[in-house]
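Student: Structure in structure tokens, see below.
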Amino acid sequence: MSRPVVAIVGRPNVGKSTLFNAIAGEKISIVKDTPGVTRDRIYADVTWLDYNFTLIDTGGIEPDSKDIILSQMRAQAEVAIATADVIMFMTDVRQGLVDSDSKVADMLRRSGKPVVLVVNKVDNFEKMMPDVYEFYNLGIGEPYPVSSVGKLGLGDMLDEVVKHFDREDEGDLEDERPRVAIIGKPNVGKSSIINKLSGENRVIVSDIAGTTRDAIDTVVKYGGREYVFIDTAGLRRKNKIKEELERYSIIRAVTAVERADVVLVVIDATEGVTEQDAKIAGIAHERGKGIIIVVNKWDAIEKNDKTVYEHTKRIKDILSFIPYAEIMFVSAETGQRLVKLYDMIDLVVENQNMRVQTGVLNEILSEAVALQQPPSDKGRRLKIFYMTQVSVKPPTFVVFVNNKELMHFSYTRYIENKIREAFGFRGTSLKFLIRERSEKEK
């Protein structure tokens, strides 16, 4: 079941990023080198009470011209409307109601999406409440006063946000069709691949980067099975501000990946794998999705007997954090190998849902420990008691040990490799949770 997505929208300098950091807490500070963990903190996984959701900060550059500010806000609102389950519309009590707030509020109201109106910089609730009431004039419901800096009022605001989540998500539970997100930089051929697979021009394709306006779901039937393809791209934007386009494409990627089982990371063969491809693939990896690297425009490459090997090596070097990902070379233009994508998607879905019996797992574990002794530190040696699989999508294993500190990342990777040798698990990440137990508990 995918996490709900909550987007923060608002003018420059109303405190969007401060609120984002206050809600997400320190855990989003950069602690690992996975390329998906972006330096500018666009998104974070958040828990409030027993709800888990993805929080997105739509804010980007902050231009000086008022006209540009309004167009930027409209663009943010469009992203939020297209991708979010709940929108937090942020205003500033000190600046009061301004014209652009009203215009964006009209857009949000017409969207039909749930909107929580947040009035920031309310440092003194008693004195400033009369100023907060002015925001009722926006006509999008009750204003929630908060102070992002002082972390005041966040609880009431978040209570209101989570009220709009669909707890049951019955559709998700019953829908067993593979959900496939197609992500990648603008103009690598994501929409063309869907058009070719579905046999009809359902998605508008043009040569302008970022012409797919919204994430569009396309249901395709092949071999008696239905597949749901989730297409993503940047907004249709006239001013090609590089960071903005990148920011929006990452926001789209996060929300599409959240809803998918398998992610096709599309790379342009003529351009090769880039740093932004690594960022986008990192998002899918962090979220434990099945990953297939689809190298498109393969027909445009001059080939010899080493071409596939050289391209594969380059991809594996740059995307070294996802060694398990499958790689396919296709052409949306000619249709070359596209049909084989279905077999690969089926294989990855099967691996994402594979369960291994505890007895068999522990046989592999015993063999691995016998072949390579667990690490030790200051006279203490790691003891691994047993492991068991606790969930799928991605396959998740709990390993019980005497001391978590001794379970080095490299040894966990060694055990993962042994499990992969035995069962494959092609195309899917594996997750390991390390738990401490005493000898007696064992």
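The way I read the labels, and the way they are meant: chains A, B, ... in the order of the structure tokens, residue 1 as the first residue of every chain, and ligand 1 as the first ligand shown, with later ones counted on from there.
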So that I can check the surroundings of stretch 218-225 of chain A, please list as a list of chain:residue names every protein, DNA and RNA residue that reaches within 8 Å of it, counting only C-alpha atoms and ignoring chain neighbours fewer than 5 positions away.
Tutor: A:Arg177, A:Ile194, A:Leu197, A:Ser198, A:Arg202, A:Ile230, A:Asp231, A:Tyr342
Student: For the selection you just gave me, I'd like the residues written to a file as an mmCIF file, in the first residue's frame, keeping C-alpha atoms.
Tutor:
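So the final result, stored in part-v1.cif, reads:
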```cif
data_model
loop_
_atom_site.group_PDB
_atom_site.id
_atom_site.type_symbol
_atom_site.label_atom_id
_atom_site.label_comp_id
_atom_site.auth_asym_id
_atom_site.auth_seq_id
_atom_site.Cartn_x
_atom_site.Cartn_y
_atom_site.Cartn_z
ATOM 1 C CA ARG A 177 -2.269 -5.687 -11.382
ATOM 2 C CA ILE A 194 4.037 3.773 -23.199
ATOM 3 C CA LEU A 197 3.351 -0.638 -25.496
ATOM 4 C CA SER A 198 -0.294 0.448 -25.443
ATOM 5 C CA ARG A 202 -2.638 8.105 -25.151
ATOM 6 C CA ILE A 230 2.338 5.341 -14.451
ATOM 7 C CA ASP A 231 3.965 7.938 -16.688
ATOM 8 C CA TYR A 342 6.551 -7.575 -20.010
#
```
Student: Could you give me, as an mmCIF file with N, CA and C atoms, in the first residue's frame, the residues within 10 Å of A:Asp346, counting only C-alpha atoms and dropping anything in the same chain fewer than 3 positions from it?
Tutor:
```
data_model
loop_
_atom_site.group_PDB
_atom_site.id
_atom_site.type_symbol
_atom_site.label_atom_id
_atom_site.label_comp_id
_atom_site.auth_asym_id
_atom_site.auth_seq_id
_atom_site.Cartn_x
_atom_site.Cartn_y
_atom_site.Cartn_z
ATOM 1 N N PRO A 178 0.144 -5.512 -11.779
ATOM 2 C CA PRO A 178 1.453 -4.876 -11.558
ATOM 3 C C PRO A 178 1.368 -3.391 -11.896
ATOM 4 N N ARG A 225 -2.872 -10.553 -19.205
ATOM 5 C CA ARG A 225 -2.659 -9.894 -17.913
ATOM 6 C C ARG A 225 -2.708 -8.373 -18.100
ATOM 7 N N TYR A 227 -1.576 -4.530 -16.979
ATOM 8 C CA TYR A 227 -0.489 -3.788 -16.347
ATOM 9 C C TYR A 227 -0.912 -2.321 -16.263
ATOM 10 N N VAL A 262 7.028 -1.841 -9.608
ATOM 11 C CA VAL A 262 8.256 -1.931 -10.399
ATOM 12 C C VAL A 262 8.513 -0.573 -11.047
ATOM 13 N N LEU A 341 9.864 -6.424 -22.365
ATOM 14 C CA LEU A 341 9.723 -5.729 -21.074
ATOM 15 C C LEU A 341 8.695 -6.416 -20.188
ATOM 16 N N TYR A 342 7.613 -6.930 -20.806
ATOM 17 C CA TYR A 342 6.551 -7.575 -20.010
ATOM 18 C C TYR A 342 7.088 -8.781 -19.245
ATOM 19 N N ASP A 343 7.896 -9.611 -19.937
ATOM 20 C CA ASP A 343 8.477 -10.789 -19.263
ATOM 21 C C ASP A 343 9.362 -10.357 -18.104
ATOM 22 N N VAL A 349 8.348 -8.680 -10.518
ATOM 23 C CA VAL A 349 7.200 -8.732 -9.599
ATOM 24 C C VAL A 349 7.233 -10.036 -8.795
ATOM 25 N N GLU A 350 7.539 -11.130 -9.488
ATOM 26 C CA GLU A 350 7.620 -12.440 -8.822
ATOM 27 C C GLU A 350 8.714 -12.423 -7.738
ATOM 28 N N ASN A 351 9.870 -11.841 -8.077
ATOM 29 C CA ASN A 351 10.972 -11.773 -7.108
ATOM 30 C C ASN A 351 10.649 -10.849 -5.938
ATOM 31 N N GLN A 352 9.916 -9.759 -6.213
ATOM 32 C CA GLN A 352 9.513 -8.848 -5.132
ATOM 33 C C GLN A 352 8.610 -9.555 -4.121
#
```
Student: Which neighbours of A:Glu326 fall inside 8 Å, counting only C-alpha atoms, when residues of the same chain fewer than 5 positions from it are skipped, and could you give them as a list in words?
Tutor: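 Answer for this query is Ile291, Ile292, Ile293, Arg426 and Gly427 of chain A.
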Student: Identify which of the residues A:Ile280, A:Ala368, A:Val263, A:Leu406 lies closest to A:Leu382, counting only C-alpha atoms when measuring atom-to-atom distances.
Tutor: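 Closest to A:Leu382, using only C-alpha atoms: A:Leu406.
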Student: Tell me, in Å to one decimal, how far atom CA of A:Lys279 is from atom CA of A:Thr83.
Tutor: 19.2 Å
Student: Between atom CA of A:Val6 and atom CA of A:Pro186, what is the distance, to one decimal in Å?
Tutor: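 Spanning atom CA of A:Val6 to atom CA of A:Pro186 is a straight-line distance of 23.6 Å.
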Student: Pick out each residue of stretch 104-345 of chain A that DSSP on the backbone tags as strand (DSSP E or B); I need them as a ChimeraX atom specification.
Tutor: /A:115-120,143-145,147,152,179-183,216-222,225-231,262-268,290-296,326-329
Student: So that I have them on file, write out the residues from the current selection with N, CA and C atoms, as a compact mmCIF listing (two decimals), in the first residue's frame.
Tutor:
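Saved file part.txt follows:
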```
# COMPACT_ATOMS: atom_id res chain seq x y z
N VAL A 115 -7.41 20.55 1.01
CA VAL A 115 -6.42 21.60 1.26
C VAL A 115 -6.47 21.96 2.74
N VAL A 116 -5.30 21.99 3.38
CA VAL A 116 -5.20 22.47 4.77
C VAL A 116 -4.51 23.83 4.71
N LEU A 117 -5.20 24.86 5.17
CA LEU A 117 -4.66 26.23 5.13
C LEU A 117 -3.81 26.47 6.36
N VAL A 118 -2.53 26.78 6.14
CA VAL A 118 -1.57 26.97 7.23
C VAL A 118 -1.14 28.44 7.26
N VAL A 119 -1.30 29.08 8.42
CA VAL A 119 -0.86 30.48 8.57
C VAL A 119 0.39 30.46 9.45
N ASN A 120 1.52 30.79 8.85
CA ASN A 120 2.81 30.67 9.54
C ASN A 120 3.22 31.98 10.23
N PRO A 143 -8.23 28.37 8.93
CA PRO A 143 -6.78 28.56 8.94
C PRO A 143 -6.15 27.96 10.20
N TYR A 144 -5.05 27.24 10.03
CA TYR A 144 -4.34 26.63 11.17
C TYR A 144 -3.10 27.47 11.48
N PRO A 145 -3.08 28.15 12.65
CA PRO A 145 -1.92 28.99 12.99
C PRO A 145 -0.75 28.12 13.45
N SER A 147 3.86 28.21 14.11
CA SER A 147 5.16 28.88 14.02
C SER A 147 6.17 27.80 13.65
N LEU A 152 5.36 25.62 16.97
CA LEU A 152 4.09 25.75 17.68
C LEU A 152 2.94 25.41 16.72
N ARG A 179 1.88 -2.55 -10.99
CA ARG A 179 1.90 -1.10 -11.23
C ARG A 179 3.34 -0.72 -11.57
N VAL A 180 3.51 -0.14 -12.76
CA VAL A 180 4.86 0.10 -13.29
C VAL A 180 5.04 1.60 -13.51
N ALA A 181 5.97 2.22 -12.78
CA ALA A 181 6.26 3.65 -12.97
C ALA A 181 7.38 3.78 -13.99
N ILE A 182 7.19 4.71 -14.92
CA ILE A 182 8.24 4.97 -15.92
C ILE A 182 8.85 6.33 -15.56
N ILE A 183 10.09 6.30 -15.08
CA ILE A 183 10.70 7.55 -14.64
C ILE A 183 12.02 7.78 -15.37
N ILE A 216 0.02 10.20 -15.75
CA ILE A 216 -1.14 9.59 -16.40
C ILE A 216 -1.02 8.08 -16.24
N ASP A 217 -2.10 7.43 -15.79
CA ASP A 217 -2.11 5.98 -15.68
C ASP A 217 -2.67 5.38 -16.97
N THR A 218 -1.95 4.45 -17.54
CA THR A 218 -2.39 3.77 -18.75
C THR A 218 -2.48 2.28 -18.45
N VAL A 219 -3.65 1.70 -18.66
CA VAL A 219 -3.82 0.26 -18.44
C VAL A 219 -3.59 -0.45 -19.77
N VAL A 220 -2.67 -1.41 -19.77
CA VAL A 220 -2.35 -2.15 -21.00
C VAL A 220 -2.54 -3.63 -20.73
N LYS A 221 -3.21 -4.31 -21.66
CA LYS A 221 -3.42 -5.75 -21.51
C LYS A 221 -2.45 -6.47 -22.43
N TYR A 222 -1.72 -7.42 -21.89
CA TYR A 222 -0.77 -8.18 -22.71
C TYR A 222 -0.71 -9.60 -22.17
N ARG A 225 -2.87 -10.55 -19.20
CA ARG A 225 -2.66 -9.89 -17.91
C ARG A 225 -2.71 -8.37 -18.10
N GLU A 226 -3.26 -7.67 -17.11
CA GLU A 226 -3.30 -6.21 -17.20
C GLU A 226 -2.14 -5.59 -16.42
N TYR A 227 -1.58 -4.53 -16.98
CA TYR A 227 -0.49 -3.79 -16.35
C TYR A 227 -0.91 -2.32 -16.26
N VAL A 228 -0.62 -1.68 -15.13
CA VAL A 228 -0.90 -0.25 -15.01
C VAL A 228 0.42 0.50 -15.13
N PHE A 229 0.56 1.31 -16.18
CA PHE A 229 1.78 2.10 -16.36
C PHE A 229 1.54 3.51 -15.86
N ILE A 230 2.43 3.99 -15.01
CA ILE A 230 2.34 5.34 -14.45
C ILE A 230 3.42 6.17 -15.13
N ASP A 231 2.99 7.12 -15.95
CA ASP A 231 3.96 7.94 -16.69
C ASP A 231 4.20 9.24 -15.93
N VAL A 262 7.03 -1.84 -9.61
CA VAL A 262 8.26 -1.93 -10.40
C VAL A 262 8.51 -0.57 -11.05
N VAL A 263 9.77 -0.17 -11.09
CA VAL A 263 10.13 1.12 -11.68
C VAL A 263 11.03 0.89 -12.89
N LEU A 264 10.62 1.47 -14.02
CA LEU A 264 11.48 1.46 -15.20
C LEU A 264 12.24 2.79 -15.22
N VAL A 265 13.54 2.73 -15.03
CA VAL A 265 14.36 3.95 -15.09
C VAL A 265 14.87 4.07 -16.52
N VAL A 266 14.31 5.04 -17.26
CA VAL A 266 14.63 5.16 -18.69
C VAL A 266 15.84 6.07 -18.87
N ILE A 267 16.82 5.56 -19.62
CA ILE A 267 18.07 6.29 -19.89
C ILE A 267 18.20 6.46 -21.40
N ASP A 268 18.70 7.59 -21.83
CA ASP A 268 18.91 7.87 -23.25
C ASP A 268 20.26 7.27 -23.67
N GLY A 290 11.08 -2.74 -7.22
CA GLY A 290 11.76 -3.48 -8.27
C GLY A 290 12.28 -2.49 -9.30
N ILE A 291 13.49 -2.72 -9.83
CA ILE A 291 14.08 -1.74 -10.75
C ILE A 291 14.56 -2.42 -12.04
N ILE A 292 14.12 -1.83 -13.17
CA ILE A 292 14.64 -2.25 -14.49
C ILE A 292 15.20 -1.00 -15.16
N ILE A 293 16.47 -1.03 -15.53
CA ILE A 293 17.08 0.08 -16.26
C ILE A 293 16.77 -0.13 -17.74
N VAL A 294 16.04 0.80 -18.33
CA VAL A 294 15.64 0.67 -19.73
C VAL A 294 16.45 1.68 -20.55
N VAL A 295 17.37 1.17 -21.37
CA VAL A 295 18.21 2.05 -22.19
C VAL A 295 17.48 2.23 -23.53
N ASN A 296 16.88 3.43 -23.71
CA ASN A 296 16.08 3.71 -24.90
C ASN A 296 16.95 4.33 -26.00
N GLU A 326 17.92 -4.99 -13.25
CA GLU A 326 18.02 -5.59 -14.57
C GLU A 326 18.25 -4.48 -15.61
N ILE A 327 18.93 -4.79 -16.69
CA ILE A 327 19.21 -3.79 -17.73
C ILE A 327 18.67 -4.31 -19.06
N MET A 328 17.90 -3.46 -19.77
CA MET A 328 17.39 -3.83 -21.09
C MET A 328 17.68 -2.73 -22.09
N PHE A 329 18.05 -3.10 -23.32
CA PHE A 329 18.33 -2.14 -24.38
C PHE A 329 17.16 -2.18 -25.38
```
Student: Among stretch 161-394 of chain A, which ones does DSSP place in alpha helix (DSSP H), written as number ranges by chain?
Tutor: A: 161-163, 170-174, 190-198, 242-259, 275-286, 307-318, 340-352, 358-371
Student: Need the shell around stretch 97-102 of chain A: protein/DNA/RNA residues with any atom at most 8 Å away, counting only C-alpha atoms. Skip same-chain ones fewer than 4 positions apart. Format as a short mmCIF file (atom, residue, chain, number, x, y, z; two decimals) with N, CA and C atoms, in the first residue's frame?
Tutor:
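This is the output file around-v2.cif:
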```
data_model
loop_
_atom_site.label_atom_id
_atom_site.label_comp_id
_atom_site.auth_asym_id
_atom_site.auth_seq_id
_atom_site.Cartn_x
_atom_site.Cartn_y
_atom_site.Cartn_z
N GLY A 10 3.22 27.50 -1.42
CA GLY A 10 3.13 28.84 -0.86
C GLY A 10 4.13 29.79 -1.48
N ARG A 11 3.96 31.08 -1.20
CA ARG A 11 4.85 32.11 -1.74
C ARG A 11 6.27 31.96 -1.22
N LEU A 70 4.05 34.76 -9.08
CA LEU A 70 2.73 34.16 -9.25
C LEU A 70 2.78 32.96 -10.19
N THR A 91 0.65 30.35 4.20
CA THR A 91 0.61 31.82 4.10
C THR A 91 1.40 32.40 5.27
N ASP A 92 1.51 33.74 5.28
CA ASP A 92 2.35 34.41 6.28
C ASP A 92 1.51 35.47 6.99
N VAL A 93 1.33 35.30 8.31
CA VAL A 93 0.46 36.21 9.07
C VAL A 93 1.02 37.64 9.07
N ASP A 106 -7.85 29.95 -5.33
CA ASP A 106 -8.92 29.64 -6.30
C ASP A 106 -8.58 28.36 -7.07
N GLU A 134 -8.32 36.64 9.35
CA GLU A 134 -8.43 37.28 8.03
C GLU A 134 -8.35 36.25 6.90
N PHE A 135 -7.64 35.14 7.16
CA PHE A 135 -7.40 34.15 6.10
C PHE A 135 -8.63 33.29 5.80
N LEU A 138 -10.04 33.50 2.23
CA LEU A 138 -9.59 32.73 1.07
C LEU A 138 -10.64 31.70 0.64
#
```
Student: Set the distance at 9 Å and use only C-alpha atoms: which residues neighbour A:Lys383 once local chain neighbours fewer than 2 positions away are removed? I'd like the list as a list of chain:residue names.
Tutor: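 That gives A:Pro374, A:Pro375, A:Arg381, A:Phe385, A:Phe400, A:Val401, A:Asn402, A:Asn403, A:Leu406, A:Met407.
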Student: Emit the selected residues as a compact mmCIF listing (two decimals), in the first residue's frame, including C-alpha atoms.
Tutor:
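After the write, part.txt holds the following:
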```
# COMPACT_ATOMS: atom_id res chain seq x y z
CA PRO A 374 31.77 -12.89 11.31
CA PRO A 375 33.73 -9.75 12.27
CA ARG A 381 32.93 -11.56 18.03
CA PHE A 385 21.68 -16.69 15.92
CA PHE A 400 19.10 -11.82 15.22
CA VAL A 401 22.61 -11.18 16.57
CA ASN A 402 24.38 -10.80 19.93
CA ASN A 403 25.56 -7.22 19.20
CA LEU A 406 29.44 -5.69 15.34
CA MET A 407 27.20 -6.34 12.30
```
Student: With distances taken over only C-alpha atoms, which residue among A:Ala422, A:Leu319, A:Ile42, A:Leu347 lies nearest A:Leu55?
Tutor: A:Ile42
Student: Using only C-alpha atoms for the distances, tell me which of A:Ala260, A:Ala82, A:Val5, A:Ala269 is nearest to A:Glu176.
Tutor: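 So, comparing all the options, the nearest one is A:Ala260.
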